[in-house]
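Asker: Data: model.txt, compact mmCIF, C-alpha atoms.
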```txt
# COMPACT_ATOMS: atom_id res chain seq x y z
CA MET A 1153 41.52 -8.58 35.52
CA THR A 1154 40.60 -5.10 36.83
CA ALA A 1155 37.11 -3.66 36.88
CA GLN A 1156 38.04 -1.31 34.05
CA GLN A 1157 39.36 -4.18 31.95
CA THR A 1158 36.21 -6.18 32.68
CA THR A 1159 34.05 -3.29 31.57
CA SER A 1160 36.12 -2.90 28.46
CA ALA A 1161 35.90 -6.60 27.67
CA HIS A 1162 32.16 -6.57 28.32
CA GLY A 1163 31.75 -3.56 26.09
CA THR A 1164 33.71 -5.24 23.33
CA THR A 1165 31.53 -8.35 23.65
CA VAL A 1166 28.36 -6.28 23.37
CA GLU A 1167 29.68 -4.48 20.31
CA THR A 1168 30.65 -7.81 18.75
CA VAL A 1169 27.18 -9.26 19.36
CA GLU A 1170 25.52 -6.18 17.87
CA LEU A 1171 27.82 -6.37 14.85
CA GLU A 1172 27.00 -10.05 14.35
CA ARG A 1173 23.27 -9.28 14.55
CA ALA A 1174 23.66 -6.51 11.99
CA VAL A 1175 25.55 -8.82 9.61
CA VAL A 1176 22.89 -11.55 9.97
CA LYS A 1177 20.17 -8.99 9.30
CA HIS A 1178 21.95 -7.67 6.20
CA TRP A 1179 22.24 -11.18 4.74
CA LYS A 1180 18.46 -11.48 4.61
CA ALA A 1181 18.14 -9.48 1.37
CA PRO A 1182 20.53 -11.62 -0.72
CA ILE A 1183 19.00 -14.76 0.79
CA SER A 1184 15.59 -13.51 -0.34
CA TYR A 1185 16.93 -12.87 -3.83
CA ALA A 1186 18.42 -16.38 -3.89
CA VAL A 1187 15.10 -17.95 -2.89
CA LEU A 1188 13.21 -15.97 -5.55
CA THR A 1189 15.81 -16.92 -8.14
CA LEU A 1190 15.33 -20.57 -7.24
CA VAL A 1191 11.56 -20.13 -7.56
CA ALA A 1192 12.07 -18.53 -10.98
CA LEU A 1193 14.36 -21.41 -12.02
CA VAL A 1194 11.75 -24.02 -11.13
CA LEU A 1195 8.82 -22.08 -12.55
CA LEU A 1196 10.29 -20.59 -15.72
CA VAL A 1197 12.81 -23.27 -16.71
CA VAL A 1198 12.03 -26.62 -15.09
CA LEU A 1199 8.26 -26.11 -15.48
CA GLY A 1200 8.66 -23.87 -18.51
CA ARG A 1201 5.84 -23.61 -21.04
CA ASP A 1202 6.00 -23.75 -24.80
CA GLY A 1203 4.77 -20.97 -27.02
CA SER A 1204 5.17 -17.22 -26.92
CA ALA A 1205 3.52 -14.49 -24.89
CA THR A 1206 2.44 -11.32 -26.65
CA LEU A 1207 2.74 -8.19 -24.51
CA ARG A 1208 0.56 -5.50 -26.06
CA LEU A 1209 2.19 -2.17 -25.21
CA ALA A 1210 0.04 0.20 -27.27
CA SER A 1211 -3.45 1.54 -26.75
CA GLY A 1212 -5.73 3.69 -28.85
CA GLY A 1213 -4.93 7.40 -28.87
CA ASP A 1214 -1.20 7.13 -28.11
CA PHE A 1215 1.22 9.62 -29.64
CA PHE A 1216 2.85 6.75 -31.47
CA ALA A 1217 2.24 3.03 -31.65
CA ILE A 1218 4.61 0.75 -29.78
CA PRO A 1219 4.88 -2.64 -31.48
CA ASP A 1220 3.83 -5.69 -29.52
CA ALA A 1221 6.58 -7.58 -27.71
CA VAL A 1222 6.45 -11.28 -28.63
CA LEU A 1223 8.56 -13.22 -26.12
CA PRO A 1224 9.19 -16.99 -26.35
CA ALA A 1225 8.33 -18.38 -22.93
CA ARG A 1226 11.21 -20.86 -22.44
CA ALA A 1227 13.98 -18.67 -23.86
CA THR A 1228 12.80 -15.64 -21.90
CA GLY A 1229 12.65 -17.73 -18.74
CA VAL A 1230 16.28 -18.84 -19.18
CA VAL A 1231 17.48 -15.27 -19.78
CA VAL A 1232 15.52 -13.95 -16.80
CA VAL A 1233 16.87 -16.64 -14.47
CA VAL A 1234 20.47 -15.91 -15.56
CA LEU A 1235 20.00 -12.18 -14.94
CA LEU A 1236 18.34 -12.82 -11.57
CA ALA A 1237 21.23 -15.08 -10.58
CA ALA A 1238 23.70 -12.34 -11.54
CA LEU A 1239 21.83 -9.77 -9.44
CA THR A 1240 21.70 -12.22 -6.54
CA ALA A 1241 25.46 -12.77 -6.75
CA LEU A 1242 25.95 -9.01 -6.85
CA SER A 1243 23.83 -8.66 -3.71
CA PHE A 1244 25.88 -11.28 -1.87
CA TRP A 1245 29.10 -9.54 -2.96
CA ALA A 1246 27.79 -6.16 -1.77
CA VAL A 1247 26.96 -7.53 1.69
CA ALA A 1248 30.26 -9.41 1.96
CA THR A 1249 32.23 -6.26 1.09
CA VAL A 1250 29.97 -3.92 3.10
CA ARG A 1251 28.86 -1.91 0.08
CA ARG A 1252 25.52 -0.25 -0.59
CA LEU A 1253 24.00 -0.69 -4.03
CA GLY A 1254 20.98 1.55 -3.62
CA ALA A 1255 17.34 0.98 -4.54
CA TRP A 1256 17.99 0.12 -8.18
CA LEU A 1257 18.80 -3.53 -7.49
CA PRO A 1258 15.42 -4.57 -5.96
CA ILE A 1259 13.62 -2.53 -8.63
CA VAL A 1260 15.46 -4.19 -11.53
CA PHE A 1261 15.14 -7.60 -9.84
CA GLY A 1262 11.39 -7.12 -9.41
CA VAL A 1263 10.85 -5.94 -13.00
CA LEU A 1264 12.78 -8.91 -14.39
CA PHE A 1265 10.88 -11.35 -12.20
CA VAL A 1266 7.53 -9.87 -13.30
CA VAL A 1267 8.50 -9.98 -16.99
CA GLY A 1268 9.52 -13.62 -16.65
CA PHE A 1269 6.34 -14.49 -14.77
CA LEU A 1270 4.11 -12.68 -17.29
CA THR A 1271 5.82 -14.47 -20.17
CA TRP A 1272 5.38 -17.85 -18.50
CA ALA A 1273 1.79 -17.25 -17.38
CA GLY A 1274 0.72 -15.72 -20.70
CA ALA A 1275 2.33 -18.26 -23.01
CA GLY A 1276 0.10 -18.60 -26.06
CA SER A 1277 -1.95 -15.53 -25.10
CA MET A 1278 -1.93 -11.75 -25.39
CA ILE A 1279 -1.53 -9.61 -22.28
CA PRO A 1280 -2.62 -5.95 -22.58
CA ILE A 1281 0.03 -4.14 -20.54
CA ALA A 1282 -1.64 -0.73 -20.88
CA GLY A 1283 -4.89 -2.19 -19.53
CA LEU A 1284 -2.98 -3.92 -16.74
CA LEU A 1285 -1.41 -0.61 -15.68
CA PHE A 1286 -4.79 1.16 -15.84
CA ALA A 1287 -6.33 -1.51 -13.60
CA THR A 1288 -3.35 -1.30 -11.24
CA VAL A 1289 -3.90 2.41 -10.66
CA GLY A 1290 -7.64 1.96 -10.19
CA LEU A 1291 -7.26 -0.85 -7.68
CA SER A 1292 -4.49 0.98 -5.82
CA VAL A 1293 -6.31 4.27 -5.20
CA PRO A 1294 -8.28 3.20 -2.07
CA LEU A 1295 -5.21 1.35 -0.80
CA ILE A 1296 -3.06 4.47 -1.17
CA PHE A 1297 -5.57 6.73 0.61
CA GLY A 1298 -5.96 4.13 3.37
CA ALA A 1299 -2.18 3.78 3.67
CA MET A 1300 -1.78 7.56 3.95
CA GLY A 1301 -4.34 7.54 6.75
CA GLY A 1302 -2.38 4.76 8.44
CA VAL A 1303 0.94 6.61 8.08
CA LEU A 1304 -0.46 9.84 9.57
CA SER A 1305 -2.16 8.09 12.47
CA GLU A 1306 0.71 5.79 13.40
CA ARG A 1307 3.32 8.51 13.00
CA ALA A 1308 1.28 10.34 15.63
CA GLY A 1309 1.46 7.32 17.93
CA VAL A 1310 -1.99 5.75 17.39
CA VAL A 1311 -2.24 2.32 15.77
CA ASN A 1312 -4.86 2.59 13.03
CA ILE A 1313 -6.39 -0.86 12.64
CA ALA A 1314 -9.68 0.90 11.78
CA ILE A 1315 -8.73 1.78 8.19
CA GLU A 1316 -11.27 -0.79 7.01
CA ALA A 1317 -14.03 0.96 8.99
CA GLN A 1318 -12.98 4.36 7.65
CA LEU A 1319 -13.08 3.16 4.05
CA LEU A 1320 -16.42 1.38 4.48
CA GLY A 1321 -18.06 4.26 6.36
CA GLY A 1322 -16.86 6.72 3.74
CA ALA A 1323 -18.12 4.53 0.89
CA PHE A 1324 -21.61 4.18 2.40
CA THR A 1325 -22.02 7.83 3.37
CA GLY A 1326 -20.66 9.08 0.07
CA ALA A 1327 -23.14 6.99 -1.91
CA VAL A 1328 -26.17 8.00 0.18
CA VAL A 1329 -25.37 11.72 0.37
CA ALA A 1330 -24.43 12.00 -3.30
CA SER A 1331 -27.66 10.21 -4.26
CA ALA A 1332 -29.79 12.39 -1.98
CA THR A 1333 -28.23 15.71 -3.01
CA GLY A 1334 -27.39 14.92 -6.61
CA SER A 1335 -23.88 16.26 -6.09
CA THR A 1336 -20.83 14.01 -6.19
CA ILE A 1337 -18.68 16.73 -4.60
CA VAL A 1338 -21.00 16.89 -1.60
CA GLY A 1339 -20.84 13.12 -1.48
CA VAL A 1340 -17.03 13.20 -1.36
CA VAL A 1341 -17.09 15.72 1.49
CA ALA A 1342 -19.66 13.62 3.37
CA ALA A 1343 -17.50 10.51 2.93
CA MET A 1344 -14.55 12.36 4.43
CA LEU A 1345 -16.63 13.55 7.38
CA ALA A 1346 -17.96 10.05 8.05
CA SER A 1347 -14.43 8.69 8.07
CA VAL A 1348 -13.33 11.49 10.38
CA LEU A 1349 -16.13 10.49 12.77
CA VAL A 1350 -14.83 6.91 12.85
CA SER A 1351 -11.32 8.22 13.48
CA MET A 1352 -12.54 10.44 16.32
CA VAL A 1353 -14.11 7.45 18.05
CA LEU A 1354 -10.77 5.67 17.75
CA ALA A 1355 -8.94 8.75 19.06
CA VAL A 1356 -11.24 9.27 22.04
CA PHE A 1357 -10.97 5.70 23.27
CA ALA A 1358 -7.25 5.38 22.51
CA ILE A 1359 -6.07 8.82 23.69
CA ARG A 1360 -8.59 9.88 26.32
CA TYR A 1361 -9.51 6.56 27.92
CA PHE A 1362 -6.29 4.60 27.21
CA VAL A 1363 -8.16 1.61 25.72
CA GLU A 1364 -6.00 -0.91 23.86
CA GLN A 1365 -5.79 0.59 20.37
CA VAL A 1366 -5.75 -2.65 18.40
CA ILE A 1367 -8.93 -3.82 20.16
CA VAL A 1368 -10.67 -0.50 19.49
CA GLY A 1369 -9.73 -0.69 15.81
CA VAL A 1370 -11.01 -4.24 15.41
CA VAL A 1371 -14.26 -3.38 17.22
CA LEU A 1372 -14.78 -0.36 14.95
CA ASN A 1373 -14.26 -2.50 11.86
CA VAL A 1374 -16.88 -5.00 13.03
CA LEU A 1375 -19.25 -2.23 14.17
CA VAL A 1376 -19.14 -0.25 10.92
CA ALA A 1377 -19.47 -3.44 8.84
CA GLY A 1378 -22.54 -4.49 10.81
CA LEU A 1379 -24.06 -1.00 10.77
CA THR A 1380 -23.64 -0.51 7.02
CA ASN A 1381 -25.02 -4.01 6.35
CA PHE A 1382 -28.08 -3.19 8.46
CA LEU A 1383 -28.65 0.17 6.77
CA TYR A 1384 -28.15 -1.39 3.36
CA SER A 1385 -30.82 -4.01 4.05
CA SER A 1386 -33.29 -1.73 5.81
CA LEU A 1387 -32.76 1.52 3.90
CA LEU A 1388 -31.06 1.14 0.54
CA THR A 1389 -32.78 -2.09 -0.58
CA ASP A 1390 -36.23 -0.48 -0.35
CA ASN A 1391 -35.01 2.92 -1.61
CA PRO A 1392 -32.70 2.29 -4.57
CA ALA A 1393 -32.75 6.02 -5.38
CA LEU A 1394 -30.54 6.53 -2.31
CA ASN A 1395 -27.95 4.19 -3.76
CA SER A 1396 -27.67 5.55 -7.29
CA PRO A 1397 -25.04 8.30 -7.12
CA ALA A 1398 -23.66 9.90 -10.23
CA ARG A 1399 -20.09 8.90 -10.88
CA LEU A 1400 -17.28 11.41 -10.90
CA PRO A 1401 -16.45 12.14 -14.55
CA LYS A 1402 -13.13 11.17 -16.06
CA LEU A 1403 -11.06 14.27 -16.78
CA PRO A 1404 -8.42 13.47 -19.40
CA ILE A 1405 -5.43 15.81 -19.32
CA PRO A 1406 -4.64 16.92 -22.89
CA VAL A 1407 -1.32 15.75 -24.31
CA LEU A 1408 -0.41 13.78 -21.17
CA GLU A 1409 -3.19 11.25 -21.74
CA SER A 1410 -1.56 10.30 -25.05
CA ILE A 1411 1.76 9.23 -23.53
CA PRO A 1412 2.23 5.56 -24.49
CA LEU A 1413 1.52 3.02 -21.72
CA LEU A 1414 1.37 5.48 -18.81
CA GLY A 1415 -0.86 8.17 -20.31
CA PRO A 1416 -4.27 6.45 -20.02
CA ALA A 1417 -3.40 4.91 -16.64
CA LEU A 1418 -2.28 8.16 -14.99
CA PHE A 1419 -3.89 11.04 -16.84
CA LYS A 1420 -7.36 9.83 -17.78
CA GLN A 1421 -8.80 9.69 -14.29
CA SER A 1422 -11.28 11.40 -11.98
CA ILE A 1423 -10.61 14.29 -9.62
CA ILE A 1424 -10.10 11.89 -6.68
CA VAL A 1425 -7.18 10.23 -8.44
CA TYR A 1426 -5.66 13.59 -9.33
CA ALA A 1427 -6.08 14.61 -5.70
CA MET A 1428 -4.08 11.53 -4.75
CA TYR A 1429 -1.20 12.75 -6.93
CA ILE A 1430 -1.12 15.91 -4.81
CA ILE A 1431 -1.86 14.47 -1.38
CA VAL A 1432 0.91 11.84 -1.32
CA PRO A 1433 3.83 14.23 -2.06
CA LEU A 1434 2.19 16.85 0.16
CA ILE A 1435 2.13 14.46 3.12
CA ALA A 1436 5.72 13.38 2.41
CA TRP A 1437 6.87 16.98 2.25
CA GLY A 1438 4.88 17.96 5.32
CA LEU A 1439 6.19 15.07 7.43
CA PHE A 1440 9.86 15.72 6.77
CA LYS A 1441 10.11 19.40 5.81
CA THR A 1442 7.71 21.31 8.06
CA THR A 1443 7.29 22.14 11.74
CA TRP A 1444 4.00 20.24 11.76
CA GLY A 1445 5.76 17.11 10.50
CA LEU A 1446 8.57 17.46 13.03
CA ARG A 1447 6.07 17.69 15.87
CA LEU A 1448 4.01 14.81 14.48
CA ARG A 1449 7.04 12.54 14.31
CA ALA A 1450 8.15 13.68 17.76
CA ILE A 1451 4.91 12.67 19.47
CA GLY A 1452 5.09 9.30 17.72
CA GLU A 1453 8.71 8.62 18.66
CA HIS A 1454 9.26 10.31 22.04
CA PRO A 1455 6.12 12.01 23.40
CA LEU A 1456 7.74 12.85 26.75
CA ALA A 1457 10.47 14.84 25.03
CA ALA A 1458 7.86 16.57 22.87
CA ASP A 1459 5.82 17.44 25.97
CA THR A 1460 8.92 18.83 27.64
CA VAL A 1461 9.35 21.44 24.89
CA GLY A 1462 5.70 22.51 25.11
CA ILE A 1463 3.97 20.35 22.49
CA LYS A 1464 0.42 19.32 23.48
CA VAL A 1465 0.92 15.63 22.76
CA ASN A 1466 -2.60 14.25 23.14
CA ARG A 1467 -4.26 17.23 21.44
CA LEU A 1468 -1.93 16.95 18.45
CA ARG A 1469 -2.48 13.19 18.33
CA PHE A 1470 -6.25 13.66 18.31
CA TRP A 1471 -6.32 16.11 15.42
CA ASN A 1472 -3.84 14.15 13.33
CA VAL A 1473 -5.87 10.97 13.76
CA ALA A 1474 -8.88 12.97 12.55
CA LEU A 1475 -6.83 14.18 9.56
CA ALA A 1476 -5.88 10.58 8.84
CA GLY A 1477 -9.57 9.71 8.75
CA ALA A 1478 -10.31 12.50 6.27
CA VAL A 1479 -7.63 11.19 3.92
CA ALA A 1480 -8.88 7.61 4.24
CA GLY A 1481 -12.41 8.89 3.55
CA LEU A 1482 -11.34 9.86 0.04
CA GLY A 1483 -10.53 6.20 -0.54
CA GLY A 1484 -14.03 5.27 0.65
CA ALA A 1485 -15.59 7.84 -1.68
CA TYR A 1486 -13.63 6.34 -4.57
CA PHE A 1487 -15.45 3.02 -4.18
CA THR A 1488 -18.96 4.35 -4.68
CA LEU A 1489 -18.45 7.62 -6.57
CA ASP A 1490 -15.84 6.48 -9.05
CA SER A 1491 -15.12 2.74 -9.20
CA ASN A 1492 -18.38 0.87 -8.51
CA GLY A 1493 -21.08 3.53 -8.76
CA SER A 1494 -23.14 2.21 -5.85
CA PHE A 1495 -22.75 0.73 -2.38
CA THR A 1496 -22.80 -3.03 -1.74
CA ARG A 1497 -22.35 -5.09 1.41
CA GLU A 1498 -18.78 -5.06 2.75
CA MET A 1499 -17.55 -3.77 -0.59
CA THR A 1500 -14.12 -2.90 0.81
CA ALA A 1501 -13.49 -6.67 1.17
CA GLY A 1502 -10.61 -6.34 3.62
CA LEU A 1503 -8.71 -3.69 1.65
CA GLY A 1504 -8.28 -1.71 4.85
CA TYR A 1505 -6.10 -4.48 6.21
CA ILE A 1506 -4.08 -4.56 2.98
CA ALA A 1507 -3.64 -0.77 3.30
CA LEU A 1508 -2.30 -1.38 6.81
CA ALA A 1509 0.03 -3.99 5.33
CA ALA A 1510 1.24 -1.35 2.85
CA VAL A 1511 2.04 0.95 5.78
CA ILE A 1512 4.18 -1.75 7.39
CA PHE A 1513 5.80 -2.80 4.12
CA GLY A 1514 6.46 0.88 3.32
CA GLN A 1515 8.18 1.39 6.68
CA TRP A 1516 5.72 4.12 7.73
CA HIS A 1517 6.96 6.40 4.92
CA PRO A 1518 4.35 8.00 2.59
CA VAL A 1519 6.21 7.38 -0.67
CA LYS A 1520 7.28 3.84 0.23
CA ALA A 1521 3.76 3.01 1.46
CA THR A 1522 2.39 4.29 -1.86
CA ALA A 1523 4.81 2.05 -3.75
CA ALA A 1524 3.72 -0.91 -1.59
CA ALA A 1525 0.05 -0.11 -2.28
CA LEU A 1526 0.79 0.01 -6.02
CA LEU A 1527 2.49 -3.36 -5.75
CA PHE A 1528 -0.56 -4.85 -4.02
CA GLY A 1529 -2.84 -3.21 -6.59
CA PHE A 1530 -0.70 -4.70 -9.36
CA ALA A 1531 -1.07 -8.15 -7.81
CA SER A 1532 -4.87 -7.78 -7.84
CA ALA A 1533 -4.91 -6.43 -11.40
CA LEU A 1534 -2.64 -9.25 -12.52
CA GLN A 1535 -4.95 -11.80 -10.91
CA GLN A 1536 -7.87 -10.41 -12.94
CA THR A 1537 -5.85 -10.30 -16.16
CA LEU A 1538 -4.53 -13.84 -15.80
CA GLY A 1539 -8.05 -15.06 -15.05
CA ALA A 1540 -9.32 -13.41 -18.24
CA ILE A 1541 -6.70 -15.07 -20.45
CA GLY A 1542 -7.12 -18.50 -18.83
CA SER A 1543 -3.69 -18.66 -17.19
CA PRO A 1544 -2.84 -21.80 -15.15
CA VAL A 1545 -1.90 -19.64 -12.14
CA PRO A 1546 -4.49 -20.13 -9.35
CA SER A 1547 -6.30 -16.87 -8.57
CA GLU A 1548 -6.02 -17.63 -4.85
CA PHE A 1549 -2.23 -17.40 -5.13
CA MET A 1550 -2.39 -13.84 -6.44
CA LEU A 1551 -4.90 -12.83 -3.76
CA MET A 1552 -2.65 -14.04 -0.96
CA LEU A 1553 0.48 -12.39 -2.42
CA PRO A 1554 0.11 -9.04 -0.56
CA TYR A 1555 -0.02 -10.82 2.78
CA VAL A 1556 2.98 -13.00 1.96
CA ILE A 1557 4.98 -9.90 1.03
CA THR A 1558 3.94 -8.24 4.28
CA LEU A 1559 5.07 -11.23 6.34
CA LEU A 1560 8.45 -11.09 4.60
CA ALA A 1561 8.68 -7.36 5.29
CA VAL A 1562 7.85 -7.75 8.97
CA ALA A 1563 10.40 -10.56 9.26
CA GLY A 1564 13.03 -8.19 7.88
CA PHE A 1565 13.68 -9.92 4.58
CA ILE A 1566 12.67 -6.82 2.60
CA GLY A 1567 14.50 -4.13 4.54
CA GLN A 1568 14.11 -3.29 8.20
CA SER A 1569 10.55 -2.40 9.18
CA ARG A 1570 10.37 -0.53 12.50
CA ALA A 1571 7.23 1.18 13.72
CA PRO A 1572 7.39 4.60 15.44
CA ALA A 1573 8.67 3.96 18.96
CA ALA A 1574 5.57 5.28 20.75
CA SER A 1575 3.00 3.85 18.33
CA GLY A 1576 0.25 2.13 20.30
CA LYS A 1577 1.41 3.54 23.63
CA PRO A 1578 -0.98 5.95 25.40
CA TYR A 1579 0.68 9.07 26.77
CA VAL A 1580 -0.09 10.14 30.31
CA LYS A 1581 1.02 13.72 30.95
CA GLN A 1582 3.79 13.78 33.53
```
In structure tokens, what does this structure look like?
Answerer:
Amino acid sequence: MTAQQTTSAHGTTVETVELERAVVKHWKAPISYAVLTLVALVLLVVLGRDGSATLRLASGGDFFAIPDAVLPARATGVVVVVLLAALTALSFWAVATVRRLGAWLPIVFGVLFVVGFLTWAGAGSMIPIAGLLFATVGLSVPLIFGAMGGVLSERAGVVNIAIEAQLLGGAFTGAVVASATGSTIVGVVAAMLASVLVSMVLAVFAIRYFVEQVIVGVVLNVLVAGLTNFLYSSLLTDNPALNSPARLPKLPIPVLESIPLLGPALFKQSIIVYAMYIIVPLIAWGLFKTTWGLRLRAIGEHPLAADTVGIKVNRLRFWNVALAGAVAGLGGAYFTLDSNGSFTREMTAGLGYIALAAVIFGQWHPVKATAAALLFGFASALQQTLGAIGSPVPSEFMLMLPYVITLLAVAGFIGQSRAPAASGKPYVKQ
């Protein structure tokens, strides 16, 4: 065999191996659907419950009343399992015939699974769906702001483990400043500035001194948690007036707030939530449609190439990490100026890490990360709702669900999740 033939044969072998890897990777989605269908079969049919679940779809003030949906638990479980099996078979067929089905299949699969689970868990009880959606939005807001901070920072090439510190620092500062000044708007601005300060510390150590970014993020999380605990004990406990901020008022949007189901959840919120509706699409548009976004993605994927065309890589990284902190600070302000109304010890309770999980699950895309954050918020809201109706589902299971989903995403079972190529890698100017 000649050298050329050897090269050709070697090239063919490499292509074959890559093709086999791609096929194995593509089979992960239908395998995941099959496993979830099996879980649904065991849970909804084999361990099915008697009675019916009442899904209350209406709330006061709607344009029109939607009648309650009364679903028999066992019959609904059988129907859901059959439909899930059909979707699973469709997924296997699509992979076998190399066809793309689009995003509708996982969405429909997820909705069916949730309906079946709600019917099983709420057998003999009433589940207020409108209230569940309202709680989902409320619990997702800090996650979404934290995830947007993570997307901006990591797209710029800096791993943002310090989202927890940014949220906690913003929550503490927002409460104290709003209480001292009597202005919630000033408190929101102060929360953003405090979070920017945390981000700048991360940026200086990661970009200027080339310290391992994950270690810096973890240290900042521990530092801010300890500092806020100390200040809470030494300052706020003896001066409760500094921890009594006025809450941001709810600003219902006329007409829109009366839309059944979604109206109260989306359009009867505070200014921070409405800001979220603007910030998420603005970041998505900026990342993929503007020169700023092109440069940001360039320094996160190939900083050397960006430097070659005149982009100041480290300077742009620094300021975008600071911008990420400002966005995350809005999530911190939401805790004390909207949701809770005061600061408590470690009130973020690890939500910064769940926001980071949403970034990974959302494949470092603003819209997908927002959807992941909403999913995690829904899991938390569902845990509270099921606890209130006395469901047999252990609350610990719902609390661990976001992390299980993240592990599946990282393993590639829920789409391919690839970080920006230069994320976590310091850039030394050539």
Asker: Residues at most 9 Å from Gly1483 (chain A), counting only C-alpha atoms, excluding those fewer than 4 positions away in the same chain, as number ranges by chain?
Answerer: A: 1293-1298, 1318-1319, 1322-1323, 1343-1344, 1424, 1479, 1487
Asker: Region 1471-1506 of chain A near region 1382-1395 of chain A within 12 Å: what's each residue's closest atom pair and its distance in Å to one decimal, counting all atoms listed in the file, ordered by chain then ascending residue number, as a tab-separated table?
Answerer:
```
residue	atom	partner	partner_atom	distance
A:Thr1488	CA	A:Asn1395	CA	9.0
A:Leu1489	CA	A:Asn1395	CA	10.5
A:Asn1492	CA	A:Asn1395	CA	11.2
A:Gly1493	CA	A:Asn1395	CA	8.5
A:Ser1494	CA	A:Asn1395	CA	5.6
A:Phe1495	CA	A:Asn1395	CA	6.4
A:Thr1496	CA	A:Tyr1384	CA	7.6
A:Arg1497	CA	A:Tyr1384	CA	7.2
A:Glu1498	CA	A:Tyr1384	CA	10.1
A:Met1499	CA	A:Tyr1384	CA	11.6
```
Asker: Quick one: distance from CA of Leu1534 (chain A) to CA of Thr1288 (chain A) in Å, one decimal?
Answerer: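 Separation of CA of Leu1534 (chain A) and CA of Thr1288 (chain A): 8.1 Å.
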Asker: If we count only C-alpha atoms and set the cut-off at 6 Å, which residues sit around region 1453-1467 of chain A, ignoring sequence neighbours fewer than 4 positions away in its own chain? Please answer as a CSV table (one decimal) with C-alpha atoms, in the frame of the given file.
Answerer:
```csv
chain,number,residue,atom,x,y,z
A,1572,PRO,CA,7.4,4.6,15.4
A,1573,ALA,CA,8.7,4.0,19.0
A,1574,ALA,CA,5.6,5.3,20.8
```
Asker: At what distance in Å, to one decimal, does CA of Gly1268 (chain A) lie from CA of Leu1223 (chain A)?
Answerer: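 Distance between the two atoms: 9.5 Å.
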Asker: So how many Å separate CA of Ser1331 (chain A) and CA of Gly1378 (chain A), to one decimal?
Answerer: 21.7 Å
Asker: Name the residues, using the chain letters and numbers of the file, that sit within 12 Å of (5.8, 19.3, 13.2) when counting all atoms listed in the file, and give them as a PyMOL selection string.
Answerer: chain A and resi 1304+1307-1308+1435+1437-1452+1458+1463-1465+1468-1469+1472
Asker: Within 9 Å of region 1195-1202 of chain A, counting all atoms listed in the file, which residues show up once you throw out same-chain ones fewer than 2 positions away? Write them as JSON, numbers by chain, please.
Answerer: {"A": [1190, 1191, 1192, 1193, 1204, 1224, 1225, 1226, 1227, 1228, 1229, 1230, 1232, 1233, 1268, 1269, 1271, 1272, 1273, 1275, 1276]}
